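Structure file my_file_15.txt (compact mmCIF, C-alpha atoms) follows.
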```
# COMPACT_ATOMS: atom_id res chain seq x y z
CA MET A 1 -11.13 -4.57 -16.29
CA GLN A 2 -9.28 -7.64 -17.49
CA GLU A 3 -6.43 -9.51 -15.88
CA LEU A 4 -3.04 -8.48 -17.28
CA GLY A 5 -1.05 -11.71 -17.29
CA PHE A 6 -1.57 -12.59 -13.61
CA GLU A 7 -3.81 -11.87 -10.64
CA ALA A 8 -3.28 -8.43 -9.07
CA ALA A 9 -2.48 -6.64 -12.34
CA TYR A 10 -5.38 -5.47 -14.50
CA LEU A 11 -5.81 -3.60 -17.78
CA VAL A 12 -8.64 -1.07 -17.75
CA THR A 13 -10.07 -0.03 -21.11
CA PRO A 14 -12.51 2.84 -20.68
CA THR A 15 -15.43 3.71 -22.89
CA ILE A 16 -14.57 6.88 -24.82
CA HIS A 17 -17.46 9.12 -25.81
CA SER A 18 -16.45 11.20 -28.85
CA ASP A 19 -18.18 13.96 -30.74
CA ASP A 20 -17.17 17.08 -32.68
CA ARG A 21 -16.00 18.74 -29.43
CA GLY A 22 -13.55 15.95 -28.54
CA ASP A 23 -13.59 13.04 -26.13
CA PHE A 24 -14.93 12.28 -22.66
CA LEU A 25 -14.13 9.25 -20.53
CA GLU A 26 -14.08 8.06 -16.95
CA TRP A 27 -10.41 7.18 -16.53
CA PHE A 28 -10.77 5.96 -12.93
CA ARG A 29 -13.67 4.54 -10.95
CA ALA A 30 -13.25 3.14 -7.44
CA ASP A 31 -16.07 0.67 -8.01
CA TRP A 32 -14.14 -0.95 -10.91
CA ILE A 33 -11.27 -1.74 -8.55
CA GLU A 34 -13.54 -2.91 -5.77
CA GLU A 35 -15.41 -5.26 -8.09
CA ALA A 36 -12.21 -6.76 -9.53
CA VAL A 37 -10.10 -7.11 -6.38
CA GLY A 38 -12.60 -7.03 -3.53
CA HIS A 39 -11.59 -3.75 -1.92
CA ARG A 40 -11.36 -0.07 -2.74
CA LEU A 41 -8.14 1.63 -3.74
CA GLY A 42 -7.44 4.10 -0.97
CA LEU A 43 -5.89 7.23 -2.43
CA ALA A 44 -2.95 8.81 -0.65
CA GLN A 45 -0.88 10.35 -3.43
CA ALA A 46 -1.09 11.31 -7.12
CA ASN A 47 2.02 11.43 -9.32
CA CYS A 48 2.80 12.87 -12.75
CA SER A 49 5.88 11.84 -14.74
CA VAL A 50 6.98 13.49 -17.99
CA SER A 51 9.60 11.54 -19.95
CA ARG A 52 11.38 11.78 -23.28
CA ARG A 53 11.57 8.84 -25.71
CA GLY A 54 13.52 5.91 -24.29
CA VAL A 55 13.31 6.91 -20.64
CA LEU A 56 12.76 3.73 -18.65
CA ARG A 57 11.48 4.20 -15.09
CA GLY A 58 11.42 1.24 -12.73
CA ILE A 59 11.00 -1.56 -11.83
CA HIS A 60 9.84 -0.07 -8.49
CA PHE A 61 7.95 -1.62 -5.57
CA ALA A 62 7.28 -0.96 -1.89
CA ASP A 63 7.61 -3.28 1.12
CA VAL A 64 4.52 -5.38 1.86
CA PRO A 65 2.85 -4.83 4.18
CA VAL A 66 1.94 -1.85 3.66
CA GLY A 67 2.81 -1.88 -0.03
CA GLN A 68 1.64 0.62 -2.60
CA ALA A 69 -1.11 -0.13 -5.10
CA LYS A 70 -1.16 2.03 -8.24
CA PHE A 71 -3.62 3.04 -10.94
CA VAL A 72 -1.61 4.25 -13.95
CA THR A 73 -2.52 5.91 -17.26
CA CYS A 74 -0.72 7.83 -20.00
CA VAL A 75 -2.40 11.16 -20.72
CA SER A 76 -0.02 12.29 -23.48
CA GLY A 77 2.12 10.22 -25.82
CA ALA A 78 2.69 6.49 -25.34
CA VAL A 79 4.49 4.16 -22.94
CA LEU A 80 5.09 0.46 -22.57
CA ASP A 81 3.88 -0.18 -19.02
CA VAL A 82 5.21 -3.28 -17.24
CA ALA A 83 3.99 -5.13 -14.15
CA VAL A 84 6.14 -7.76 -12.39
CA ASP A 85 4.76 -10.11 -9.74
CA LEU A 86 7.19 -9.71 -6.83
CA ARG A 87 4.92 -11.30 -4.22
CA VAL A 88 7.02 -14.04 -2.61
CA GLY A 89 4.98 -17.24 -2.51
CA SER A 90 2.73 -16.18 -5.38
CA PRO A 91 2.24 -18.90 -8.03
CA THR A 92 3.16 -16.26 -10.63
CA PHE A 93 6.21 -14.89 -8.75
CA GLY A 94 8.63 -13.45 -11.30
CA ARG A 95 6.12 -13.28 -14.15
CA TRP A 96 5.83 -9.99 -15.97
CA ALA A 97 3.16 -8.55 -18.23
CA ALA A 98 3.10 -5.44 -20.40
CA ALA A 99 0.53 -3.17 -21.97
CA GLU A 100 0.88 -0.11 -24.17
CA LEU A 101 -0.78 2.91 -22.58
CA ASP A 102 -1.37 5.93 -24.79
CA ASP A 103 -3.42 9.05 -25.36
CA ARG A 104 -5.60 7.33 -27.99
CA THR A 105 -7.00 4.26 -26.22
CA ARG A 106 -6.79 5.93 -22.78
CA SER A 107 -6.26 2.52 -21.20
CA ALA A 108 -4.92 2.25 -17.66
CA VAL A 109 -3.47 -0.44 -15.41
CA TYR A 110 -4.24 -1.28 -11.81
CA LEU A 111 -1.37 -2.85 -9.86
CA ALA A 112 -1.98 -4.30 -6.40
CA GLU A 113 0.45 -4.15 -3.49
CA GLY A 114 3.51 -6.30 -4.12
CA ILE A 115 3.53 -5.78 -7.88
CA GLY A 116 6.64 -4.14 -9.34
CA HIS A 117 6.06 -1.37 -11.86
CA GLY A 118 8.00 0.29 -14.63
CA PHE A 119 7.47 1.94 -17.98
CA MET A 120 9.36 3.11 -21.06
CA ALA A 121 8.41 6.20 -23.07
CA LEU A 122 7.69 5.17 -26.66
CA SER A 123 6.79 8.61 -28.03
CA GLU A 124 8.99 11.71 -28.25
CA GLN A 125 7.42 12.79 -24.95
CA ALA A 126 5.05 10.91 -22.67
CA THR A 127 3.14 12.06 -19.61
CA VAL A 128 2.08 9.37 -17.15
CA VAL A 129 -0.18 10.02 -14.17
CA TYR A 130 -0.85 7.56 -11.40
CA LEU A 131 -2.81 7.30 -8.22
CA CYS A 132 -1.17 5.58 -5.24
CA SER A 133 -2.70 3.89 -2.19
CA GLN A 134 0.18 4.97 0.07
CA PRO A 135 2.51 7.98 0.01
CA TYR A 136 6.08 7.55 -1.16
CA ALA A 137 8.29 6.36 1.69
CA PRO A 138 11.96 6.10 0.67
CA ALA A 139 12.79 3.57 3.40
CA ARG A 140 10.14 1.15 2.02
CA GLU A 141 10.86 1.75 -1.70
CA HIS A 142 12.94 -0.75 -3.67
CA GLY A 143 13.84 -1.54 -7.24
CA VAL A 144 14.86 -4.35 -9.53
CA HIS A 145 17.10 -3.63 -12.51
CA PRO A 146 14.68 -3.36 -15.45
CA LEU A 147 17.19 -4.67 -18.00
CA ASP A 148 18.28 -7.75 -16.04
CA PRO A 149 18.26 -10.66 -18.52
CA GLU A 150 17.12 -13.04 -15.76
CA LEU A 151 13.94 -10.99 -15.38
CA GLY A 152 13.58 -11.13 -19.17
CA ILE A 153 11.32 -8.14 -19.85
CA ARG A 154 11.07 -7.58 -23.62
CA TRP A 155 11.52 -3.84 -23.97
CA PRO A 156 11.33 -2.38 -27.50
CA GLU A 157 14.55 -3.27 -29.33
CA ASP A 158 14.52 -0.15 -31.51
CA ILE A 159 14.68 2.27 -28.53
CA THR A 160 17.80 2.87 -26.47
CA PRO A 161 16.84 2.76 -22.76
CA VAL A 162 17.65 5.82 -20.63
CA LEU A 163 17.83 4.98 -16.91
CA SER A 164 18.29 7.16 -13.85
CA PRO A 165 21.45 6.46 -11.83
CA LYS A 166 19.22 4.92 -9.13
CA ASP A 167 17.50 2.52 -11.57
CA ALA A 168 20.83 1.68 -13.28
CA ALA A 169 22.24 0.70 -9.86
CA ALA A 170 19.17 -1.34 -8.83
CA PRO A 171 19.86 -4.92 -7.78
CA ARG A 172 19.50 -7.78 -10.23
CA TRP A 173 16.51 -10.10 -10.25
CA PRO A 174 16.05 -11.87 -6.92
CA THR A 175 15.27 -15.54 -6.66
CA PRO A 176 12.39 -16.78 -4.48
```

Full structure transcribed into structure tokens:
Amino acid sequence: MQELGFEAAYLVTPTIHSDDRGDFLEWFRADWIEEAVGHRLGLAQANCSVSRRGVLRGIHFADVPVGQAKFVTCVSGAVLDVAVDLRVGSPTFGRWAAAELDDRTRSAVYLAEGIGHGFMALSEQATVVYLCSQPYAPAREHGVHPLDPELGIRWPEDITPVLSPKDAAAPRWPTP
């Protein structure tokens, strides 16, 4: 695991064992998380999202406390996965970092509580799966408009973003 732009967001690059039958990898290990962040990722929910090219989901986050940590990977296709530090008082508040997740490198990201998350499908179809530390709770779920110029995320310029009505109506970037 390596830090992805700021503390509390990590890129995980697994070892892929390949032979004439295909590939094998450990895409998640609780001990990786515990070693990097000092505690285990409690699992409460697993999600699967299938998106067509250009679909942009997020930036989503949950109230802290309790928050919702996530472990995210792309099992088919490719996405640009984005983490935004939304932890008020954090020295990296407002900073964002991105990593391409795809079905070749099998990389994943770990996002701690308080980190906003979003992704854009880069391939014709992309399937993203993620493990969550807390179940979805609509009353605690929030969003930030992913295309807000104040936030400044550099999404691919050659792909037209497709947002849900909820994400399109999300509030603009907050100030600390």

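Residue nearest Ala69 of chain A, chosen from A:Gln45, A:Ser51, A:Ser164, A:Ser107 and counting only C-alpha atoms: A:Gln45.
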
Revision key, fill the gap. The distance between atom CA of Leu147 of chain A and atom CA of Val75 of chain A is 25.3 Å

Long-range neighbours of Ala9 of chain A as an mmCIF file with C-alpha atoms, keeping the file's coordinate frame, 9 Å cut-off, all atoms listed in the file, 3 positions minimum in chain:
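Dumped to selection-v4.cif:
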```
data_model
loop_
_atom_site.group_PDB
_atom_site.id
_atom_site.type_symbol
_atom_site.label_atom_id
_atom_site.label_comp_id
_atom_site.auth_asym_id
_atom_site.auth_seq_id
_atom_site.Cartn_x
_atom_site.Cartn_y
_atom_site.Cartn_z
ATOM 1 C CA GLN A 2 -9.280 -7.640 -17.490
ATOM 2 C CA GLU A 3 -6.430 -9.510 -15.880
ATOM 3 C CA LEU A 4 -3.040 -8.480 -17.280
ATOM 4 C CA GLY A 5 -1.050 -11.710 -17.290
ATOM 5 C CA PHE A 6 -1.570 -12.590 -13.610
ATOM 6 C CA ALA A 83 3.990 -5.130 -14.150
ATOM 7 C CA VAL A 84 6.140 -7.760 -12.390
ATOM 8 C CA ASP A 85 4.760 -10.110 -9.740
ATOM 9 C CA ALA A 97 3.160 -8.550 -18.230
ATOM 10 C CA VAL A 109 -3.470 -0.440 -15.410
ATOM 11 C CA TYR A 110 -4.240 -1.280 -11.810
ATOM 12 C CA LEU A 111 -1.370 -2.850 -9.860
ATOM 13 C CA ALA A 112 -1.980 -4.300 -6.400
ATOM 14 C CA ILE A 115 3.530 -5.780 -7.880
#
```

Check your understanding: Counting all atoms listed in the file, which residues come within 10 Å of (4.3, 9.2, -21.1), with the point read in the file's coordinates, and could you list them as a PyMOL selection string?
Key -> chain A and resi 48-53+55+73-81+101-103+119-129

Exercise for review: Do a neighbour search on segment 138-142 of chain A at 10 Å with only C-alpha atoms, toss out local chain neighbours closer than 4 positions, and write the hits as a PyMOL selection string.
Suggested key: chain A and resi 58-68+116+167+170-171

Review point. Pick the closest to Asp23 of chain A from A:Val37, A:Ala44, A:Arg104, A:Phe93: which is it, counting all atoms listed in the file?
Key: A:Arg104

May I have the residues at most 12 Å from (16.3, -7.2, -19.9) in the file's coordinates, counting all atoms listed in the file, as a tab-separated table (two decimals) with C-alpha atoms, in the coordinates of the input?
```tsv
chain	number	residue	atom	x	y	z
A	56	LEU	CA	12.76	3.73	-18.65
A	59	ILE	CA	11.00	-1.56	-11.83
A	96	TRP	CA	5.83	-9.99	-15.97
A	144	VAL	CA	14.86	-4.35	-9.53
A	145	HIS	CA	17.10	-3.63	-12.51
A	146	PRO	CA	14.68	-3.36	-15.45
A	147	LEU	CA	17.19	-4.67	-18.00
A	148	ASP	CA	18.28	-7.75	-16.04
A	149	PRO	CA	18.26	-10.66	-18.52
A	150	GLU	CA	17.12	-13.04	-15.76
A	151	LEU	CA	13.94	-10.99	-15.38
A	152	GLY	CA	13.58	-11.13	-19.17
A	153	ILE	CA	11.32	-8.14	-19.85
A	154	ARG	CA	11.07	-7.58	-23.62
A	155	TRP	CA	11.52	-3.84	-23.97
A	156	PRO	CA	11.33	-2.38	-27.50
A	157	GLU	CA	14.55	-3.27	-29.33
A	161	PRO	CA	16.84	2.76	-22.76
A	168	ALA	CA	20.83	1.68	-13.28
A	172	ARG	CA	19.50	-7.78	-10.23
A	173	TRP	CA	16.51	-10.10	-10.25
```

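When atom CA of Gly42 of chain A is paired with atom CA of Pro14 of chain A, their separation reads 20.4 Å.
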
Revision key, fill the gap. Students should find that atom CA of Arg29 of chain A and atom CA of His17 of chain A are spaced 16.0 Å

Point to revise | For Thr13 of chain A, the nearest of the candidates A:Ala30, A:Ala108, A:Val72, A:Ala98, counting only C-alpha atoms | key: A:Ala108

Study note, to complete from the structure: Restricting to all atoms listed in the file, whichever of A:Val12, A:Ala99, A:Ala169, A:Val82 is closest to Trp32 of chain A is A:Val12

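Closest to Glu35 of chain A among A:Arg21, A:Leu163, A:Asp158, A:Met1 is A:Met1, based on all atoms listed in the file.
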